[in-house]
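Novice: Sending over a structure as structure tokens; questions will come in a sec.
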Amino acid sequence: MSVTVAIANPKGGVGKSLTTMMLADGLALSYEARVLVLDADPQAGITKALLGIDAEQQLQERKIGLAAMLEAFASGRSMRMESHRVVAGDLIELRDRQAGFIDILPSNHELLKEMAEFEHVARRKKRKDRLDVLLSDALRSELSKIEQHYDAVLIDCPAGPGVLGLAAMRLAPHILTPTSLETNAYSTLTDFLKFILADDLNLASQVKVHPLITQYQATNTLQREMLNHIKQGLHQLNAISRPVPYTSALQNAATHPGLGVYRSARDKYGSALPEVLALTKAVVERLSGQG
Ligand SMILES: Nc1ncnc2c1ncn2[C@@H]1O[C@H](COP(=O)(O)OP(=O)(O)O)[C@@H](O)[C@H]1O
Ligand SMILES: [Mg+2]
């Protein structure tokens, strides 16, 4: 059985894509998990991080990825999710796919255009269903055909409040919500949680939300104070206990070395490798109801 996790927060730049990458690598390395990453963001952060910028462009030209799937869907054809998967990752340890591995369903900026087209077509047909429900139903049915090949499906969601983000979130029983402890990001998160838990979305009964503090700087007094408040349960945030620190090693790890170049986990993450493993463990414990 595979577990599906959406990595979502309507605020951009909070570490969604970096968290997705750390988890994909961590799950494949530590748990020998077979991981499918679904890039649902037109900015394609996780596609670039796992495949590199050149590959992102080549795949766009070859019409592989979520944008091309949506194009098919909007024109009434089958999405054929299984044929849009690409072998991903840049870790030597995972290269032979013997134990854990990572596949990705890539994205590119064409996704913006295809979403607009999908919404346009649906409106012309006067579809009364909510578009996010329509889209997530179609994606779920596609996912159900391939998920038996995976232990974990990670969905990197787009920023913003749009149809695509909602559809992506609806696919997952678990929503992992990276947030930086900066007043703005924090209030966006609490608004987001209220929205998710609001009845009109009908998501509340179906999903569990797991806030994750990212880009944490212990030298920042304000952040330290906020983290203490959260740990004391003041905001009922129920965040994953271990924050992801802001480090240059993690920033560097997100830069893909280029097509066909592999590196060891130690080379990729440097001094931040223990953070990757600790985050993965904390998330696995949380998902299995222990953390
Ligand atoms: N813990 C961290 N340490 C260092 N850099 C980080 C960290 N988290 C995110 N970043 C950097 O911040 C930027 C935004 O992160 P990203 O994961 O792309 O956010 P999002 O996907 O939410 O837009 C990227 O350049 C990323 O590498
Ligand atoms: Mg991103």
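Letters for chains follow the order of the structure tokens (A, B, ...), residue numbers begin at 1 for each chain, and ligand numbers begin at 1 in the order shown.
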Taking only segment 39-142 of chain A into account, list the residues labelled strand (DSSP E or B) by DSSP (computed from the backbone), as a list in words.

Specialist: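 Strand (DSSP E or B) members of segment 39-142 of chain A, listed: Asp39, Val86, Val87, Ala88, Leu91, Phe101, Ile102, Asp103, Ile104 and Leu105 of chain A.
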
Novice: Next, dump the selected residues to file, keeping only N, CA and C atoms, as a PDB file, in the first residue's frame.

Specialist:
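Output saved as selection.pdb:
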ATOM      1  N   ASP A  39       4.920  16.547  -9.637  1.00  0.00           N
ATOM      2  CA  ASP A  39       5.142  17.989  -9.612  1.00  0.00           C
ATOM      3  C   ASP A  39       3.902  18.702 -10.134  1.00  0.00           C
ATOM      4  N   VAL A  86       9.087   9.719 -15.275  1.00  0.00           N
ATOM      5  CA  VAL A  86      10.495   9.748 -15.662  1.00  0.00           C
ATOM      6  C   VAL A  86      11.330   9.285 -14.466  1.00  0.00           C
ATOM      7  N   VAL A  87      12.393   8.553 -14.736  1.00  0.00           N
ATOM      8  CA  VAL A  87      13.311   8.161 -13.664  1.00  0.00           C
ATOM      9  C   VAL A  87      14.028   9.409 -13.156  1.00  0.00           C
ATOM     10  N   ALA A  88      14.033   9.603 -11.845  1.00  0.00           N
ATOM     11  CA  ALA A  88      14.566  10.856 -11.311  1.00  0.00           C
ATOM     12  C   ALA A  88      15.632  10.624 -10.259  1.00  0.00           C
ATOM     13  N   LEU A  91      21.171  10.745  -6.925  1.00  0.00           N
ATOM     14  CA  LEU A  91      21.980  10.083  -5.902  1.00  0.00           C
ATOM     15  C   LEU A  91      22.556   8.768  -6.422  1.00  0.00           C
ATOM     16  N   PHE A 101      13.955   3.902  -4.970  1.00  0.00           N
ATOM     17  CA  PHE A 101      14.179   4.747  -6.155  1.00  0.00           C
ATOM     18  C   PHE A 101      13.150   5.866  -6.212  1.00  0.00           C
ATOM     19  N   ILE A 102      13.391   6.818  -7.105  1.00  0.00           N
ATOM     20  CA  ILE A 102      12.484   7.955  -7.262  1.00  0.00           C
ATOM     21  C   ILE A 102      12.093   8.088  -8.730  1.00  0.00           C
ATOM     22  N   ASP A 103      10.800   8.129  -8.982  1.00  0.00           N
ATOM     23  CA  ASP A 103      10.281   8.505 -10.295  1.00  0.00           C
ATOM     24  C   ASP A 103       9.612   9.859 -10.137  1.00  0.00           C
ATOM     25  N   ILE A 104       9.547  10.607 -11.222  1.00  0.00           N
ATOM     26  CA  ILE A 104       8.851  11.898 -11.141  1.00  0.00           C
ATOM     27  C   ILE A 104       7.911  12.059 -12.321  1.00  0.00           C
ATOM     28  N   LEU A 105       6.790  12.680 -12.029  1.00  0.00           N
ATOM     29  CA  LEU A 105       5.887  13.136 -13.066  1.00  0.00           C
ATOM     30  C   LEU A 105       6.164  14.632 -13.164  1.00  0.00           C
TER      31      LEU A 105
END

Novice: Around ligand 1, which protein and nucleic acid residues have at least one atom no more than 6 Å from it, if we count only C-alpha atoms and all ligand atoms? List them as a PyMOL selection string.

Specialist: chain A and resi 12-18+45+214-215+244-248+250-251+254

Novice: Write out as JSON lines a residue-level contact list of chain A versus ligand 2 with cut-off 12 Å: for each qualifying residue the closest pair of atoms and the distance in Å to one decimal, counting only C-alpha atoms and all ligand atoms, rows sorted by chain and residue number upward.

Specialist:
{"residue": "A:Ile7", "atom": "CA", "partner": "ligand 2", "partner_atom_place_in_ligand_line": "1 (Mg)", "distance": 9.3}
{"residue": "A:Ala8", "atom": "CA", "partner": "ligand 2", "partner_atom_place_in_ligand_line": "1 (Mg)", "distance": 9.2}
{"residue": "A:Asn9", "atom": "CA", "partner": "ligand 2", "partner_atom_place_in_ligand_line": "1 (Mg)", "distance": 9.7}
{"residue": "A:Pro10", "atom": "CA", "partner": "ligand 2", "partner_atom_place_in_ligand_line": "1 (Mg)", "distance": 10.4}
{"residue": "A:Lys11", "atom": "CA", "partner": "ligand 2", "partner_atom_place_in_ligand_line": "1 (Mg)", "distance": 9.7}
{"residue": "A:Gly12", "atom": "CA", "partner": "ligand 2", "partner_atom_place_in_ligand_line": "1 (Mg)", "distance": 6.8}
{"residue": "A:Gly13", "atom": "CA", "partner": "ligand 2", "partner_atom_place_in_ligand_line": "1 (Mg)", "distance": 6.7}
{"residue": "A:Val14", "atom": "CA", "partner": "ligand 2", "partner_atom_place_in_ligand_line": "1 (Mg)", "distance": 8.1}
{"residue": "A:Gly15", "atom": "CA", "partner": "ligand 2", "partner_atom_place_in_ligand_line": "1 (Mg)", "distance": 6.8}
{"residue": "A:Lys16", "atom": "CA", "partner": "ligand 2", "partner_atom_place_in_ligand_line": "1 (Mg)", "distance": 5.2}
{"residue": "A:Ser17", "atom": "CA", "partner": "ligand 2", "partner_atom_place_in_ligand_line": "1 (Mg)", "distance": 4.1}
{"residue": "A:Leu18", "atom": "CA", "partner": "ligand 2", "partner_atom_place_in_ligand_line": "1 (Mg)", "distance": 7.3}
{"residue": "A:Thr19", "atom": "CA", "partner": "ligand 2", "partner_atom_place_in_ligand_line": "1 (Mg)", "distance": 9.1}
{"residue": "A:Thr20", "atom": "CA", "partner": "ligand 2", "partner_atom_place_in_ligand_line": "1 (Mg)", "distance": 8.7}
{"residue": "A:Met21", "atom": "CA", "partner": "ligand 2", "partner_atom_place_in_ligand_line": "1 (Mg)", "distance": 10.2}
{"residue": "A:Leu38", "atom": "CA", "partner": "ligand 2", "partner_atom_place_in_ligand_line": "1 (Mg)", "distance": 11.9}
{"residue": "A:Asp39", "atom": "CA", "partner": "ligand 2", "partner_atom_place_in_ligand_line": "1 (Mg)", "distance": 8.9}
{"residue": "A:Ala40", "atom": "CA", "partner": "ligand 2", "partner_atom_place_in_ligand_line": "1 (Mg)", "distance": 9.2}
{"residue": "A:Asp41", "atom": "CA", "partner": "ligand 2", "partner_atom_place_in_ligand_line": "1 (Mg)", "distance": 6.7}
{"residue": "A:Pro42", "atom": "CA", "partner": "ligand 2", "partner_atom_place_in_ligand_line": "1 (Mg)", "distance": 8.9}
{"residue": "A:Gln43", "atom": "CA", "partner": "ligand 2", "partner_atom_place_in_ligand_line": "1 (Mg)", "distance": 6.7}
{"residue": "A:Ala44", "atom": "CA", "partner": "ligand 2", "partner_atom_place_in_ligand_line": "1 (Mg)", "distance": 6.8}
{"residue": "A:Gly45", "atom": "CA", "partner": "ligand 2", "partner_atom_place_in_ligand_line": "1 (Mg)", "distance": 4.6}
{"residue": "A:Ile46", "atom": "CA", "partner": "ligand 2", "partner_atom_place_in_ligand_line": "1 (Mg)", "distance": 6.5}
{"residue": "A:Thr47", "atom": "CA", "partner": "ligand 2", "partner_atom_place_in_ligand_line": "1 (Mg)", "distance": 9.4}
{"residue": "A:Lys48", "atom": "CA", "partner": "ligand 2", "partner_atom_place_in_ligand_line": "1 (Mg)", "distance": 9.9}
{"residue": "A:Ala49", "atom": "CA", "partner": "ligand 2", "partner_atom_place_in_ligand_line": "1 (Mg)", "distance": 9.8}
{"residue": "A:Ser107", "atom": "CA", "partner": "ligand 2", "partner_atom_place_in_ligand_line": "1 (Mg)", "distance": 11.1}
{"residue": "A:Asn108", "atom": "CA", "partner": "ligand 2", "partner_atom_place_in_ligand_line": "1 (Mg)", "distance": 11.8}
{"residue": "A:Ile155", "atom": "CA", "partner": "ligand 2", "partner_atom_place_in_ligand_line": "1 (Mg)", "distance": 10.6}
{"residue": "A:Asp156", "atom": "CA", "partner": "ligand 2", "partner_atom_place_in_ligand_line": "1 (Mg)", "distance": 6.8}
{"residue": "A:Cys157", "atom": "CA", "partner": "ligand 2", "partner_atom_place_in_ligand_line": "1 (Mg)", "distance": 7.2}
{"residue": "A:Pro158", "atom": "CA", "partner": "ligand 2", "partner_atom_place_in_ligand_line": "1 (Mg)", "distance": 6.5}
{"residue": "A:Ala159", "atom": "CA", "partner": "ligand 2", "partner_atom_place_in_ligand_line": "1 (Mg)", "distance": 7.4}
{"residue": "A:Gly160", "atom": "CA", "partner": "ligand 2", "partner_atom_place_in_ligand_line": "1 (Mg)", "distance": 11.2}
{"residue": "A:Gly165", "atom": "CA", "partner": "ligand 2", "partner_atom_place_in_ligand_line": "1 (Mg)", "distance": 11.8}
{"residue": "A:Pro178", "atom": "CA", "partner": "ligand 2", "partner_atom_place_in_ligand_line": "1 (Mg)", "distance": 10.7}
{"residue": "A:Ala254", "atom": "CA", "partner": "ligand 2", "partner_atom_place_in_ligand_line": "1 (Mg)", "distance": 11.0}

Novice: Residues near segment 230-235 of chain A, anyone? I mean within 9 Å using only C-alpha atoms, not counting same-chain ones fewer than 5 positions away, as a ChimeraX atom specification.

Specialist: /A:190,225,241

Novice: Need to verify the contact set: Gly76 of chain A, 12 Å, only C-alpha atoms, exclusion of same-chain residues closer than 3 positions in sequence. Can you return it as number ranges by chain?

Specialist: A: 69-73, 79, 118, 121-122, 125, 138

Novice: Expressed in Å to a single decimal, how great is the separation between atom CA of Leu66 of chain A and atom CA of Pro106 of chain A?

Specialist: 6.4 Å

Novice: Quick one: of A:Gln236, A:Phe195, A:His210, A:Gly26, who's nearest to Glu275 of chain A, counting only C-alpha atoms?

Specialist: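 Of A:Gln236, A:Phe195, A:His210, A:Gly26, the one nearest Glu275 of chain A is A:Gly26, counting only C-alpha atoms.
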
Novice: Would you give me, as number ranges by chain, the residues in segment 11-201 of chain A that DSSP reads as alpha helix (DSSP H)?

Specialist: A: 16-30, 45-51, 53-61, 66-74, 110-124, 131-146, 163-170, 183-197

Novice: Filtering to C-alpha atoms, could you give me those residues as an mmCIF file, in the first residue's frame?

Specialist:
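Output contents, as saved in out14.cif:
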data_model
loop_
_atom_site.group_PDB
_atom_site.id
_atom_site.type_symbol
_atom_site.label_atom_id
_atom_site.label_comp_id
_atom_site.auth_asym_id
_atom_site.auth_seq_id
_atom_site.Cartn_x
_atom_site.Cartn_y
_atom_site.Cartn_z
ATOM 1 C CA LYS A 16 7.801 23.104 -0.280
ATOM 2 C CA SER A 17 10.033 21.906 -3.091
ATOM 3 C CA LEU A 18 13.093 21.507 -0.880
ATOM 4 C CA THR A 19 11.029 19.500 1.614
ATOM 5 C CA THR A 20 9.718 17.310 -1.216
ATOM 6 C CA MET A 21 13.283 16.631 -2.380
ATOM 7 C CA MET A 22 14.588 15.873 1.124
ATOM 8 C CA LEU A 23 11.703 13.480 1.755
ATOM 9 C CA ALA A 24 11.996 11.725 -1.606
ATOM 10 C CA ASP A 25 15.733 11.180 -1.065
ATOM 11 C CA GLY A 26 15.287 10.297 2.617
ATOM 12 C CA LEU A 27 12.510 7.774 2.003
ATOM 13 C CA ALA A 28 14.388 6.082 -0.828
ATOM 14 C CA LEU A 29 17.690 6.018 1.112
ATOM 15 C CA SER A 30 16.584 5.130 4.644
ATOM 16 C CA GLY A 45 10.908 23.575 -8.555
ATOM 17 C CA ILE A 46 11.075 19.855 -7.776
ATOM 18 C CA THR A 47 11.451 18.909 -11.451
ATOM 19 C CA LYS A 48 14.490 21.182 -11.665
ATOM 20 C CA ALA A 49 15.857 19.909 -8.356
ATOM 21 C CA LEU A 50 15.547 16.212 -9.274
ATOM 22 C CA LEU A 51 16.237 16.338 -13.028
ATOM 23 C CA ILE A 53 17.006 22.571 -15.941
ATOM 24 C CA ASP A 54 18.096 20.994 -19.250
ATOM 25 C CA ALA A 55 15.943 17.928 -18.645
ATOM 26 C CA GLU A 56 13.014 20.136 -17.701
ATOM 27 C CA GLN A 57 13.205 21.845 -21.097
ATOM 28 C CA GLN A 58 13.671 18.610 -23.021
ATOM 29 C CA LEU A 59 10.673 17.029 -21.322
ATOM 30 C CA GLN A 60 8.574 20.082 -22.107
ATOM 31 C CA GLU A 61 9.517 19.751 -25.787
ATOM 32 C CA LEU A 66 1.413 17.193 -16.031
ATOM 33 C CA ALA A 67 0.938 20.024 -18.549
ATOM 34 C CA ALA A 68 0.650 17.566 -21.445
ATOM 35 C CA MET A 69 -1.656 15.360 -19.351
ATOM 36 C CA LEU A 70 -3.951 18.318 -18.729
ATOM 37 C CA GLU A 71 -3.939 19.222 -22.388
ATOM 38 C CA ALA A 72 -5.193 15.719 -23.159
ATOM 39 C CA PHE A 73 -7.780 15.878 -20.394
ATOM 40 C CA ALA A 74 -9.160 19.255 -21.523
ATOM 41 C CA GLU A 110 3.190 25.331 -19.802
ATOM 42 C CA LEU A 111 1.079 24.013 -16.939
ATOM 43 C CA LEU A 112 -0.165 27.587 -16.368
ATOM 44 C CA LYS A 113 -1.477 27.785 -19.908
ATOM 45 C CA GLU A 114 -3.013 24.318 -19.797
ATOM 46 C CA MET A 115 -4.783 25.078 -16.514
ATOM 47 C CA ALA A 116 -6.269 28.247 -18.022
ATOM 48 C CA GLU A 117 -7.388 26.230 -21.051
ATOM 49 C CA PHE A 118 -8.909 23.507 -18.862
ATOM 50 C CA GLU A 119 -10.857 26.088 -16.839
ATOM 51 C CA HIS A 120 -11.996 27.778 -20.054
ATOM 52 C CA VAL A 121 -13.218 24.540 -21.660
ATOM 53 C CA ALA A 122 -15.004 23.479 -18.481
ATOM 54 C CA ARG A 123 -16.772 26.839 -18.279
ATOM 55 C CA ARG A 124 -17.791 26.696 -21.931
ATOM 56 C CA LEU A 131 -13.254 22.228 -11.129
ATOM 57 C CA ASP A 132 -10.824 21.189 -8.411
ATOM 58 C CA VAL A 133 -13.050 18.194 -7.645
ATOM 59 C CA LEU A 134 -13.368 17.340 -11.333
ATOM 60 C CA LEU A 135 -9.607 17.500 -11.839
ATOM 61 C CA SER A 136 -8.671 15.632 -8.680
ATOM 62 C CA ASP A 137 -11.163 12.858 -9.497
ATOM 63 C CA ALA A 138 -9.536 12.433 -12.901
ATOM 64 C CA LEU A 139 -6.013 12.483 -11.447
ATOM 65 C CA ARG A 140 -6.955 10.067 -8.659
ATOM 66 C CA SER A 141 -8.297 7.584 -11.167
ATOM 67 C CA GLU A 142 -5.018 7.804 -13.121
ATOM 68 C CA LEU A 143 -2.955 7.514 -9.942
ATOM 69 C CA SER A 144 -4.850 4.412 -8.891
ATOM 70 C CA LYS A 145 -3.540 2.628 -11.985
ATOM 71 C CA ILE A 146 0.108 3.065 -11.021
ATOM 72 C CA VAL A 163 -7.865 25.133 -8.781
ATOM 73 C CA LEU A 164 -4.657 23.192 -9.403
ATOM 74 C CA GLY A 165 -3.445 23.465 -5.811
ATOM 75 C CA LEU A 166 -6.808 22.440 -4.408
ATOM 76 C CA ALA A 167 -7.053 19.525 -6.832
ATOM 77 C CA ALA A 168 -3.559 18.364 -5.857
ATOM 78 C CA MET A 169 -4.339 18.622 -2.146
ATOM 79 C CA ARG A 170 -7.512 16.597 -2.599
ATOM 80 C CA THR A 183 5.084 36.592 10.910
ATOM 81 C CA ASN A 184 3.699 36.761 7.395
ATOM 82 C CA ALA A 185 4.287 33.123 6.522
ATOM 83 C CA TYR A 186 2.917 32.108 9.876
ATOM 84 C CA SER A 187 -0.364 34.002 9.480
ATOM 85 C CA THR A 188 -0.722 32.671 5.918
ATOM 86 C CA LEU A 189 -0.371 29.194 7.403
ATOM 87 C CA THR A 190 -3.003 29.704 10.089
ATOM 88 C CA ASP A 191 -5.422 31.153 7.512
ATOM 89 C CA PHE A 192 -4.673 28.208 5.252
ATOM 90 C CA LEU A 193 -5.379 25.712 8.025
ATOM 91 C CA LYS A 194 -8.668 27.445 8.830
ATOM 92 C CA PHE A 195 -9.545 27.248 5.146
ATOM 93 C CA ILE A 196 -8.663 23.560 4.890
ATOM 94 C CA LEU A 197 -10.622 22.817 8.008
#

Novice: Can you work out which one of A:His149, A:Lys268, A:Arg242, A:Arg80 has the shortest atom-to-atom distance to Leu36 of chain A, counting only C-alpha atoms?

Specialist: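 Smallest distance to Leu36 of chain A is found for A:His149.
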
Novice: Residues at most 8 Å from Val5 of chain A, counting only C-alpha atoms, excluding those fewer than 2 positions away in the same chain, as a PyMOL selection string?

Specialist: chain A and resi 3+7+152-155+172-176

Novice: Any chance you can output those residues with C-alpha atoms as a PDB file, in the first residue's frame?

Specialist:
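Now in result-v1.pdb:
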ATOM      1  CA  VAL A   3       0.879   6.582   1.212  1.00  0.00           C
ATOM      2  CA  ILE A   7       3.352  19.192   0.341  1.00  0.00           C
ATOM      3  CA  ALA A 152       5.036   6.771  -1.285  1.00  0.00           C
ATOM      4  CA  VAL A 153       3.550   9.417  -3.574  1.00  0.00           C
ATOM      5  CA  LEU A 154       4.715  12.972  -2.838  1.00  0.00           C
ATOM      6  CA  ILE A 155       2.846  15.859  -4.444  1.00  0.00           C
ATOM      7  CA  ALA A 172      -3.769  13.176  -0.435  1.00  0.00           C
ATOM      8  CA  PRO A 173      -4.995  12.075   2.992  1.00  0.00           C
ATOM      9  CA  HIS A 174      -1.967  13.851   4.480  1.00  0.00           C
ATOM     10  CA  ILE A 175      -0.978  17.456   3.893  1.00  0.00           C
ATOM     11  CA  LEU A 176       2.525  18.405   4.971  1.00  0.00           C
TER      12      LEU A 176
END

Novice: With only C-alpha atoms as the atoms that count, which of A:Met81, A:Ile240, A:Ile213, A:Val207 lies nearest to Val284 of chain A?

Specialist: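 Ranking A:Met81, A:Ile240, A:Ile213, A:Val207 by distance to Val284 of chain A, first place goes to A:Ile240.
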
Novice: Quick one: of A:Thr280, A:Ser205, A:Ala218, A:Gly52, who's nearest to Leu259 of chain A, counting only C-alpha atoms?

Specialist: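 Ranked by minimum distance to Leu259 of chain A, first place goes to A:Gly52.
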